[in-house]
Amino acid sequence: MISFRKVNKWFGPLHVLRDIDLEIDKSEVAVICGPSGSGKSTLIRCINRLESIRSGELYVDGIPVHDKKTNLINLRAEVGFVFQQFNLYPHMTVLDNVTLAPVKVRKMSSAQARKIGGELLEKVGIHEKADSYPAQLSGGQQQRVAIARGLAMQPKIMLFDEPTSALDPEMINEVLEVMIQLAKDGMTMIVVTHEMGFAREVGHKVIFMDEGQIVETAPPDEFFDHCKRERTRLFLSKILTH
Amino acid sequence: MWGTYLENLIESLPFFLKGLWVTVQVSALSLIISTLGGFLLGIIRSTRIRTVNIALAAYVDVIRGTPFLVQIFIVFFILPEWGIQLEAFTSAVLSLSIYGTAYICEIVYGGVVSIPKGQTEAAISGGLTWPQQMRYVIVPQALRPILPPLVGQYVLLIKDTAVVSVIGLTDVTRVGWFTVQRIPEGILVFGLVGLLYFFICYPLVWLSNRLETRLTTEKSTL
């Protein structure tokens, strides 16, 4: 479903992605972790070309993302993206946030978009806030709206860029529960996070990145209990001790 | 003395109102054109496409760096030498629009780029095209920072229309010039001219202040 082949990217002199090779299958849930600045956010931002790659090939659902001629609108419609800072549209109600793209991009009728939007808000447990504005919601509620907004395009892939990092601790679980349900429903997901409980419960593979490289990829049990690389062990000891 | 002057002034009041009507027409037309032009160019400028940006920055700098009086002279006196003959009214509206567009372009540009990048990224990720991103996500949010200085700019533009009297357009300022030749009490004549401008501008000054206060109080409650 997603295929990185020898992908490289620079920010000026900084080599942020080095020879990335990665395959993600349909309905697979991949969790990416690693220290800050290791390139994990950049990696998933390349998938819907919020960032463009310098060399290598990147196919998403058969679409060549590395090719400058590719029509990105079609690609982006198939890929939902959830940001660390939610990035809801503050001037629109919760429901309008969810229905904007389906109406404008998918050319769905307003009535149908609102129906689907309402169902999605119900699914993320926030139906009663449909007519509120984002500023009236807690962080956890905002992030759940952001997930519903991504799902409204009925995407084939959902990308999560540190979805719980900006949340107060007591709100992390309500967001993770939504994501776990999504994973169980068979969504193809790539999640940049340090929530290792999530990785263990629904992850199919855990990817550890450092300095722009994929250091180690393994199924969760193997990753946490028998990781092969010293760097991975060092990182895990730092994030798992507290 | 003052009584007869006042009488004369009241007699020439229809003349003043006629001049005021010209001022209002020139102002309204150039405000509309400047607003449309300024929004268009300001939004285009926010893309930061190199060549376009250099051209627009040059235009804005030239207009902001030269007196409006010189600009209107160029339009009215120099363009005809190149075969472009314009009436005084058209010249006035054209030069005011070129002038106003430059300032409004900068106001709109500043407002648009003040919207956090995450908003654009969210819109991009939803699959919205660039015009859709601007129309539904960015510009509606940018209106908040844009409106107070925009209305302020309107006031400046209306007052700058006084300059069009130099190319022979009988606006309210030029009516003042004519009248003062018959009624030598200048304070009375130009006091009236000033008052007429004030009547048009003050509601906008008030509106601008109100928008400004609303914006700052909203910010502090966030």
# chains A, B, ... in the order shown; residues from 1 in each chain; ligands from 1

call {"tool": "select_by_dssp", "arguments": {"residues": "chain A", "states": "alpha helix (DSSP H)", "output": "VMD selection string"}}
result
chain A and resid 40 to 47 72 to 77 94 to 104 110 to 123 139 to 151 169 to 184 196 to 202 220 to 225 230 to 240

call {"tool": "interface_residues", "arguments": {"of": "chain A", "to": "chain B", "cutoff": "6 Å", "atoms": "only C-alpha atoms", "output": "VMD selection string"}}
result
chain A and resid 73 76 to 77 87 101

call {"tool": "write_last_selection", "arguments": {"atoms": "N, CA and C atoms", "output": "compact mmCIF listing (two decimals), in the first residue's frame"}}
result
# COMPACT_ATOMS: atom_id res chain seq x y z
N ILE A 73 -4.13 15.99 -5.69
CA ILE A 73 -5.47 16.12 -5.11
C ILE A 73 -6.08 14.73 -4.89
N ARG A 76 -4.24 12.97 -2.00
CA ARG A 76 -4.53 13.52 -0.68
C ARG A 76 -5.94 13.18 -0.22
N ALA A 77 -6.84 13.02 -1.19
CA ALA A 77 -8.20 12.63 -0.83
C ALA A 77 -8.22 11.23 -0.22
N ASN A 87 -4.89 21.46 14.37
CA ASN A 87 -5.11 22.29 13.18
C ASN A 87 -6.56 22.27 12.70
N ALA A 101 -14.07 19.27 3.34
CA ALA A 101 -13.38 18.57 2.26
C ALA A 101 -14.31 17.64 1.47

call {"tool": "atom_distance", "arguments": {"atom1": "CA of Leu196 (chain B)", "atom2": "CA of Leu20 (chain B)"}}
result
7.4 Å

call {"tool": "residues_around", "arguments": {"residues": "Thr93 (chain A)", "least_positions_apart": "3", "cutoff": "6 Å", "atoms": "only C-alpha atoms", "output": "CSV table (one decimal) with all heavy atoms, in the first residue's frame"}}
result
chain,number,residue,atom,x,y,z
A,96,ASP,N,-18.8,21.6,10.4
A,96,ASP,CA,-18.3,22.2,9.2
A,96,ASP,C,-16.8,21.8,8.9
A,96,ASP,O,-16.4,21.6,7.8
A,96,ASP,CB,-18.4,23.7,9.2
A,96,ASP,CG,-19.9,24.1,9.0
A,96,ASP,OD1,-20.7,23.3,8.5
A,96,ASP,OD2,-20.2,25.3,9.4
A,131,ASP,N,-22.2,21.5,16.8
A,131,ASP,CA,-22.3,23.0,16.4
A,131,ASP,C,-21.4,23.9,17.3
A,131,ASP,O,-21.6,25.1,17.2
A,131,ASP,CB,-23.8,23.3,16.6
A,131,ASP,CG,-24.7,22.6,15.7
A,131,ASP,OD1,-24.3,22.4,14.5
A,131,ASP,OD2,-25.8,22.1,16.1
A,132,SER,N,-20.5,23.3,18.1
A,132,SER,CA,-19.6,24.1,18.8
A,132,SER,C,-18.4,24.6,17.9
A,132,SER,O,-18.3,24.0,16.8
A,132,SER,CB,-19.0,23.4,20.0
A,132,SER,OG,-20.1,22.9,20.8
A,133,TYR,N,-17.7,25.5,18.4
A,133,TYR,CA,-16.4,25.9,17.7
A,133,TYR,C,-15.3,25.2,18.4
A,133,TYR,O,-15.3,25.0,19.6
A,133,TYR,CB,-16.3,27.4,17.7
A,133,TYR,CG,-17.2,28.0,16.7
A,133,TYR,CD1,-18.6,28.4,17.0
A,133,TYR,CD2,-16.8,28.3,15.3
A,133,TYR,CE1,-19.4,28.9,16.0
A,133,TYR,CE2,-17.7,28.8,14.4
A,133,TYR,CZ,-19.0,29.1,14.7
A,133,TYR,OH,-19.8,29.6,13.8

call {"tool": "residues_around", "arguments": {"residues": "region 146-159 of chain A", "least_positions_apart": "5", "cutoff": "7 Å", "atoms": "only C-alpha atoms", "output": "PDB file with N, CA and C atoms, in the first residue's frame"}}
result
ATOM      1  N   ILE A  44       6.422  10.671   7.502  1.00  0.00           N
ATOM      2  CA  ILE A  44       5.003  10.510   7.167  1.00  0.00           C
ATOM      3  C   ILE A  44       4.471  11.722   6.403  1.00  0.00           C
ATOM      4  N   ALA A  77      -6.839  13.016  -1.185  1.00  0.00           N
ATOM      5  CA  ALA A  77      -8.198  12.630  -0.829  1.00  0.00           C
ATOM      6  C   ALA A  77      -8.217  11.227  -0.219  1.00  0.00           C
ATOM      7  N   GLU A  78      -7.211  10.418  -0.553  1.00  0.00           N
ATOM      8  CA  GLU A  78      -7.176   9.029  -0.081  1.00  0.00           C
ATOM      9  C   GLU A  78      -6.395   8.873   1.216  1.00  0.00           C
ATOM     10  N   VAL A  79      -5.763   9.956   1.663  1.00  0.00           N
ATOM     11  CA  VAL A  79      -4.889   9.878   2.827  1.00  0.00           C
ATOM     12  C   VAL A  79      -5.332  10.903   3.866  1.00  0.00           C
ATOM     13  N   GLY A  80      -5.772  10.419   5.032  1.00  0.00           N
ATOM     14  CA  GLY A  80      -6.137  11.334   6.110  1.00  0.00           C
ATOM     15  C   GLY A  80      -4.912  11.657   6.944  1.00  0.00           C
ATOM     16  N   PHE A  81      -4.832  12.892   7.443  1.00  0.00           N
ATOM     17  CA  PHE A  81      -3.659  13.283   8.223  1.00  0.00           C
ATOM     18  C   PHE A  81      -4.122  13.935   9.519  1.00  0.00           C
ATOM     19  N   VAL A  82      -3.584  13.465  10.630  1.00  0.00           N
ATOM     20  CA  VAL A  82      -3.920  14.041  11.942  1.00  0.00           C
ATOM     21  C   VAL A  82      -2.649  14.657  12.522  1.00  0.00           C
ATOM     22  N   PHE A  86      -3.597  19.531  16.155  1.00  0.00           N
ATOM     23  CA  PHE A  86      -4.990  19.396  15.689  1.00  0.00           C
ATOM     24  C   PHE A  86      -5.255  20.150  14.389  1.00  0.00           C
ATOM     25  N   LEU A  88      -7.496  22.323  13.633  1.00  0.00           N
ATOM     26  CA  LEU A  88      -8.891  22.491  13.211  1.00  0.00           C
ATOM     27  C   LEU A  88      -9.069  23.898  12.680  1.00  0.00           C
ATOM     28  N   ASN A  97     -16.069  21.691  10.010  1.00  0.00           N
ATOM     29  CA  ASN A  97     -14.700  21.212   9.878  1.00  0.00           C
ATOM     30  C   ASN A  97     -14.669  19.846   9.195  1.00  0.00           C
ATOM     31  N   VAL A  98     -15.614  19.009   9.611  1.00  0.00           N
ATOM     32  CA  VAL A  98     -15.636  17.632   9.111  1.00  0.00           C
ATOM     33  C   VAL A  98     -16.153  17.576   7.668  1.00  0.00           C
ATOM     34  N   THR A  99     -17.106  18.436   7.326  1.00  0.00           N
ATOM     35  CA  THR A  99     -17.754  18.305   6.008  1.00  0.00           C
ATOM     36  C   THR A  99     -17.090  19.126   4.904  1.00  0.00           C
ATOM     37  N   ALA A 101     -14.067  19.265   3.342  1.00  0.00           N
ATOM     38  CA  ALA A 101     -13.379  18.565   2.262  1.00  0.00           C
ATOM     39  C   ALA A 101     -14.307  17.638   1.468  1.00  0.00           C
ATOM     40  N   PRO A 102     -15.173  16.845   2.141  1.00  0.00           N
ATOM     41  CA  PRO A 102     -16.090  16.013   1.349  1.00  0.00           C
ATOM     42  C   PRO A 102     -16.950  16.835   0.385  1.00  0.00           C
ATOM     43  N   GLY A 117     -20.882  13.112   8.390  1.00  0.00           N
ATOM     44  CA  GLY A 117     -20.137  13.832   9.424  1.00  0.00           C
ATOM     45  C   GLY A 117     -20.707  13.565  10.804  1.00  0.00           C
ATOM     46  N   LEU A 120     -19.727  10.144  11.944  1.00  0.00           N
ATOM     47  CA  LEU A 120     -18.316  10.071  12.350  1.00  0.00           C
ATOM     48  C   LEU A 120     -18.103  10.724  13.713  1.00  0.00           C
ATOM     49  N   LEU A 121     -18.799  11.834  13.939  1.00  0.00           N
ATOM     50  CA  LEU A 121     -18.670  12.488  15.244  1.00  0.00           C
ATOM     51  C   LEU A 121     -19.201  11.585  16.342  1.00  0.00           C
ATOM     52  N   VAL A 124     -16.525   9.014  17.111  1.00  0.00           N
ATOM     53  CA  VAL A 124     -15.432   9.482  17.966  1.00  0.00           C
ATOM     54  C   VAL A 124     -15.970  10.038  19.298  1.00  0.00           C
ATOM     55  N   MET A 187      -8.203  -0.212   9.340  1.00  0.00           N
ATOM     56  CA  MET A 187      -7.614   0.928   8.647  1.00  0.00           C
ATOM     57  C   MET A 187      -6.097   0.754   8.521  1.00  0.00           C
ATOM     58  N   THR A 188      -5.559   1.155   7.383  1.00  0.00           N
ATOM     59  CA  THR A 188      -4.107   1.211   7.231  1.00  0.00           C
ATOM     60  C   THR A 188      -3.620   2.477   7.931  1.00  0.00           C
ATOM     61  N   MET A 189      -2.730   2.304   8.904  1.00  0.00           N
ATOM     62  CA  MET A 189      -2.332   3.462   9.714  1.00  0.00           C
ATOM     63  C   MET A 189      -0.824   3.521   9.901  1.00  0.00           C
ATOM     64  N   ILE A 190      -0.305   4.744   9.826  1.00  0.00           N
ATOM     65  CA  ILE A 190       1.065   4.970  10.286  1.00  0.00           C
ATOM     66  C   ILE A 190       0.982   6.017  11.385  1.00  0.00           C
ATOM     67  N   VAL A 191       1.526   5.666  12.532  1.00  0.00           N
ATOM     68  CA  VAL A 191       1.378   6.520  13.701  1.00  0.00           C
ATOM     69  C   VAL A 191       2.757   6.854  14.265  1.00  0.00           C
TER      70      VAL A 191
END

call {"tool": "residues_around", "arguments": {"residues": "region 187-191 of chain B", "least_positions_apart": "3", "cutoff": "12 Å", "atoms": "only C-alpha atoms", "output": "PyMOL selection string"}}
result
chain B and resi 2-10+12-13+16+172-184+194-198

call {"tool": "residues_around", "arguments": {"residues": "Val75 (chain B)", "least_positions_apart": "2", "cutoff": "8 Å", "atoms": "only C-alpha atoms", "output": "list in words"}}
result
Gln71, Ile72, Phe73, Phe77, Ile78, Leu79, Ser91, Leu94 and Ser95 of chain B

call {"tool": "write_last_selection", "arguments": {"atoms": "C-alpha atoms", "output": "mmCIF file, in the first residue's frame"}}
result
data_model
loop_
_atom_site.group_PDB
_atom_site.id
_atom_site.type_symbol
_atom_site.label_atom_id
_atom_site.label_comp_id
_atom_site.auth_asym_id
_atom_site.auth_seq_id
_atom_site.Cartn_x
_atom_site.Cartn_y
_atom_site.Cartn_z
ATOM 1 C CA GLN B 71 1.832 59.631 -9.396
ATOM 2 C CA ILE B 72 -1.289 61.490 -10.423
ATOM 3 C CA PHE B 73 0.809 63.923 -12.511
ATOM 4 C CA PHE B 77 0.250 64.595 -17.877
ATOM 5 C CA ILE B 78 2.781 61.984 -18.942
ATOM 6 C CA LEU B 79 0.543 59.165 -20.201
ATOM 7 C CA SER B 91 -7.166 59.693 -14.313
ATOM 8 C CA LEU B 94 -6.989 55.212 -11.981
ATOM 9 C CA SER B 95 -4.145 56.802 -10.043
#

call {"tool": "closest_residue", "arguments": {"among": "A:Gln213, A:Ser36, A:Ser55, A:Thr232", "to": "Val16 (chain A)", "atoms": "only C-alpha atoms"}}
result
A:Gln213

call {"tool": "select_by_dssp", "arguments": {"residues": "region 77-154 of chain A", "states": "strand (DSSP E)", "output": "PyMOL selection string"}}
result
chain A and resi 79-82

call {"tool": "write_last_selection", "arguments": {"atoms": "N, CA and C atoms", "output": "mmCIF file, in the first residue's frame"}}
result
data_model
loop_
_atom_site.group_PDB
_atom_site.id
_atom_site.type_symbol
_atom_site.label_atom_id
_atom_site.label_comp_id
_atom_site.auth_asym_id
_atom_site.auth_seq_id
_atom_site.Cartn_x
_atom_site.Cartn_y
_atom_site.Cartn_z
ATOM 1 N N VAL A 79 -5.763 9.956 1.663
ATOM 2 C CA VAL A 79 -4.889 9.878 2.827
ATOM 3 C C VAL A 79 -5.332 10.903 3.866
ATOM 4 N N GLY A 80 -5.772 10.419 5.032
ATOM 5 C CA GLY A 80 -6.137 11.334 6.110
ATOM 6 C C GLY A 80 -4.912 11.657 6.944
ATOM 7 N N PHE A 81 -4.832 12.892 7.443
ATOM 8 C CA PHE A 81 -3.659 13.283 8.223
ATOM 9 C C PHE A 81 -4.122 13.935 9.519
ATOM 10 N N VAL A 82 -3.584 13.465 10.630
ATOM 11 C CA VAL A 82 -3.920 14.041 11.942
ATOM 12 C C VAL A 82 -2.649 14.657 12.522
#

call {"tool": "atom_distance", "arguments": {"atom1": "CA of Ala92 (chain B)", "atom2": "CA of Leu156 (chain B)"}}
result
15.4 Å

call {"tool": "residues_around", "arguments": {"residues": "Ile239 (chain A)", "least_positions_apart": "2", "cutoff": "10 Å", "atoms": "only C-alpha atoms", "output": "list in words"}}
result
Gly34, Pro35, His194, Glu195, Met196, Leu234, Phe235, Leu236, Ser237, Thr241 and His242 of chain A

call {"tool": "write_last_selection", "arguments": {"atoms": "N, CA, C and O atoms", "output": "CSV table (one decimal), in the first residue's frame"}}
result
chain,number,residue,atom,x,y,z
A,34,GLY,N,11.2,7.3,17.9
A,34,GLY,CA,12.6,7.7,17.8
A,34,GLY,C,12.7,9.1,18.4
A,34,GLY,O,11.7,9.8,18.7
A,35,PRO,N,14.0,9.5,18.7
A,35,PRO,CA,14.2,10.8,19.3
A,35,PRO,C,13.8,11.9,18.5
A,35,PRO,O,13.6,11.7,17.2
A,194,HIS,N,5.0,8.0,20.9
A,194,HIS,CA,5.7,7.3,21.9
A,194,HIS,C,4.8,6.5,22.8
A,194,HIS,O,5.2,6.1,23.9
A,195,GLU,N,3.5,6.4,22.4
A,195,GLU,CA,2.6,5.6,23.2
A,195,GLU,C,2.8,4.1,23.0
A,195,GLU,O,2.2,3.5,22.1
A,196,MET,N,3.7,3.5,23.8
A,196,MET,CA,4.1,2.1,23.5
A,196,MET,C,2.9,1.1,23.8
A,196,MET,O,2.9,0.1,23.2
A,234,LEU,N,18.7,1.6,24.1
A,234,LEU,CA,19.0,2.8,24.9
A,234,LEU,C,17.8,3.7,24.8
A,234,LEU,O,17.3,4.3,25.9
A,235,PHE,N,17.2,3.8,23.6
A,235,PHE,CA,16.0,4.7,23.5
A,235,PHE,C,14.8,4.2,24.3
A,235,PHE,O,14.2,4.9,25.1
A,236,LEU,N,14.6,2.9,24.2
A,236,LEU,CA,13.5,2.3,24.9
A,236,LEU,C,13.7,2.4,26.4
A,236,LEU,O,12.7,2.7,27.2
A,237,SER,N,14.9,2.3,26.9
A,237,SER,CA,15.1,2.4,28.3
A,237,SER,C,14.8,3.8,28.8
A,237,SER,O,14.3,4.0,29.9
A,241,THR,N,11.0,3.8,31.2
A,241,THR,CA,11.3,3.8,32.6
A,241,THR,C,10.2,4.6,33.4
A,241,THR,O,10.0,4.4,34.6
A,242,HIS,N,9.6,5.6,32.7
A,242,HIS,CA,8.6,6.4,33.5
A,242,HIS,C,7.3,6.6,32.7
A,242,HIS,O,7.2,6.0,31.6

call {"tool": "decode", "arguments": {"residues": "region 39-51 of chain B", "atoms": "all heavy atoms", "output": "mmCIF file, in the first residue's frame"}}
result
data_model
loop_
_atom_site.group_PDB
_atom_site.id
_atom_site.type_symbol
_atom_site.label_atom_id
_atom_site.label_comp_id
_atom_site.auth_asym_id
_atom_site.auth_seq_id
_atom_site.Cartn_x
_atom_site.Cartn_y
_atom_site.Cartn_z
ATOM 1 N N PHE B 39 -6.756 42.776 -2.560
ATOM 2 C CA PHE B 39 -6.978 41.400 -2.110
ATOM 3 C C PHE B 39 -6.368 40.415 -3.103
ATOM 4 O O PHE B 39 -5.678 39.475 -2.719
ATOM 5 C CB PHE B 39 -8.476 41.124 -1.923
ATOM 6 C CG PHE B 39 -8.932 41.341 -0.503
ATOM 7 C CD1 PHE B 39 -9.279 42.610 -0.060
ATOM 8 C CD2 PHE B 39 -8.977 40.286 0.400
ATOM 9 C CE1 PHE B 39 -9.675 42.823 1.250
ATOM 10 C CE2 PHE B 39 -9.380 40.483 1.717
ATOM 11 C CZ PHE B 39 -9.724 41.764 2.147
ATOM 12 N N LEU B 40 -6.604 40.666 -4.391
ATOM 13 C CA LEU B 40 -6.078 39.763 -5.415
ATOM 14 C C LEU B 40 -4.555 39.694 -5.338
ATOM 15 O O LEU B 40 -3.963 38.618 -5.215
ATOM 16 C CB LEU B 40 -6.538 40.246 -6.798
ATOM 17 C CG LEU B 40 -6.179 39.327 -7.951
ATOM 18 C CD1 LEU B 40 -6.988 38.043 -7.864
ATOM 19 C CD2 LEU B 40 -6.431 40.021 -9.288
ATOM 20 N N LEU B 41 -3.907 40.864 -5.370
ATOM 21 C CA LEU B 41 -2.440 40.884 -5.388
ATOM 22 C C LEU B 41 -1.859 40.409 -4.056
ATOM 23 O O LEU B 41 -0.855 39.702 -4.026
ATOM 24 C CB LEU B 41 -1.929 42.288 -5.723
ATOM 25 C CG LEU B 41 -2.288 42.808 -7.120
ATOM 26 C CD1 LEU B 41 -1.611 44.142 -7.394
ATOM 27 C CD2 LEU B 41 -1.887 41.803 -8.192
ATOM 28 N N GLY B 42 -2.507 40.790 -2.945
ATOM 29 C CA GLY B 42 -2.007 40.375 -1.634
ATOM 30 C C GLY B 42 -2.047 38.858 -1.475
ATOM 31 O O GLY B 42 -1.118 38.259 -0.939
ATOM 32 N N ILE B 43 -3.129 38.247 -1.963
ATOM 33 C CA ILE B 43 -3.249 36.783 -1.869
ATOM 34 C C ILE B 43 -2.217 36.124 -2.784
ATOM 35 O O ILE B 43 -1.558 35.155 -2.402
ATOM 36 C CB ILE B 43 -4.688 36.340 -2.211
ATOM 37 C CG1 ILE B 43 -5.637 36.769 -1.094
ATOM 38 C CG2 ILE B 43 -4.762 34.834 -2.418
ATOM 39 C CD1 ILE B 43 -7.104 36.631 -1.435
ATOM 40 N N ILE B 44 -2.055 36.683 -3.981
ATOM 41 C CA ILE B 44 -1.052 36.128 -4.900
ATOM 42 C C ILE B 44 0.338 36.266 -4.282
ATOM 43 O O ILE B 44 1.151 35.351 -4.315
ATOM 44 C CB ILE B 44 -1.109 36.843 -6.269
ATOM 45 C CG1 ILE B 44 -2.393 36.459 -7.001
ATOM 46 C CG2 ILE B 44 0.111 36.501 -7.115
ATOM 47 C CD1 ILE B 44 -2.633 37.228 -8.273
ATOM 48 N N ARG B 45 0.588 37.421 -3.653
ATOM 49 C CA ARG B 45 1.896 37.647 -3.053
ATOM 50 C C ARG B 45 2.191 36.636 -1.958
ATOM 51 O O ARG B 45 3.348 36.248 -1.733
ATOM 52 C CB ARG B 45 1.967 39.067 -2.493
ATOM 53 C CG ARG B 45 3.382 39.439 -2.231
ATOM 54 C CD ARG B 45 3.649 40.871 -1.958
ATOM 55 N NE ARG B 45 5.035 40.896 -1.529
ATOM 56 C CZ ARG B 45 5.580 41.819 -0.800
ATOM 57 N NH1 ARG B 45 4.882 42.855 -0.457
ATOM 58 N NH2 ARG B 45 6.833 41.717 -0.438
ATOM 59 N N SER B 46 1.144 36.205 -1.254
ATOM 60 C CA SER B 46 1.361 35.281 -0.136
ATOM 61 C C SER B 46 1.857 33.913 -0.592
ATOM 62 O O SER B 46 2.318 33.123 0.217
ATOM 63 C CB SER B 46 0.071 35.121 0.673
ATOM 64 O OG SER B 46 -0.868 34.383 -0.080
ATOM 65 N N THR B 47 1.759 33.608 -1.880
ATOM 66 C CA THR B 47 2.276 32.327 -2.372
ATOM 67 C C THR B 47 3.794 32.310 -2.340
ATOM 68 O O THR B 47 4.404 31.254 -2.365
ATOM 69 C CB THR B 47 1.846 32.051 -3.825
ATOM 70 O OG1 THR B 47 2.356 33.094 -4.648
ATOM 71 C CG2 THR B 47 0.342 31.994 -3.953
ATOM 72 N N ARG B 48 4.409 33.489 -2.314
ATOM 73 C CA ARG B 48 5.865 33.624 -2.281
ATOM 74 C C ARG B 48 6.527 32.946 -3.474
ATOM 75 O O ARG B 48 7.614 32.398 -3.355
ATOM 76 C CB ARG B 48 6.426 33.071 -0.972
ATOM 77 C CG ARG B 48 5.924 33.910 0.201
ATOM 78 C CD ARG B 48 6.532 33.456 1.507
ATOM 79 N NE ARG B 48 6.293 34.441 2.551
ATOM 80 C CZ ARG B 48 6.101 34.141 3.826
ATOM 81 N NH1 ARG B 48 6.131 32.894 4.221
ATOM 82 N NH2 ARG B 48 5.906 35.088 4.704
ATOM 83 N N ILE B 49 5.832 32.966 -4.605
ATOM 84 C CA ILE B 49 6.497 32.526 -5.841
ATOM 85 C C ILE B 49 7.490 33.626 -6.206
ATOM 86 O O ILE B 49 7.122 34.795 -6.309
ATOM 87 C CB ILE B 49 5.475 32.309 -6.977
ATOM 88 C CG1 ILE B 49 4.508 31.183 -6.598
ATOM 89 C CG2 ILE B 49 6.185 32.000 -8.291
ATOM 90 C CD1 ILE B 49 3.306 31.066 -7.505
ATOM 91 N N ARG B 50 8.741 33.224 -6.383
ATOM 92 C CA ARG B 50 9.839 34.188 -6.418
ATOM 93 C C ARG B 50 9.635 35.363 -7.378
ATOM 94 O O ARG B 50 9.649 36.523 -6.966
ATOM 95 C CB ARG B 50 11.140 33.460 -6.755
ATOM 96 C CG ARG B 50 12.306 33.917 -5.918
ATOM 97 C CD ARG B 50 13.537 33.116 -6.276
ATOM 98 N NE ARG B 50 14.567 34.012 -6.760
ATOM 99 C CZ ARG B 50 15.261 34.830 -5.977
ATOM 100 N NH1 ARG B 50 15.024 34.872 -4.679
ATOM 101 N NH2 ARG B 50 16.185 35.628 -6.466
ATOM 102 N N THR B 51 9.433 35.051 -8.662
ATOM 103 C CA THR B 51 9.376 36.126 -9.658
ATOM 104 C C THR B 51 8.174 37.047 -9.412
ATOM 105 O O THR B 51 8.295 38.269 -9.481
ATOM 106 C CB THR B 51 9.279 35.532 -11.082
ATOM 107 O OG1 THR B 51 8.360 34.453 -11.053
ATOM 108 C CG2 THR B 51 10.626 35.046 -11.557
#
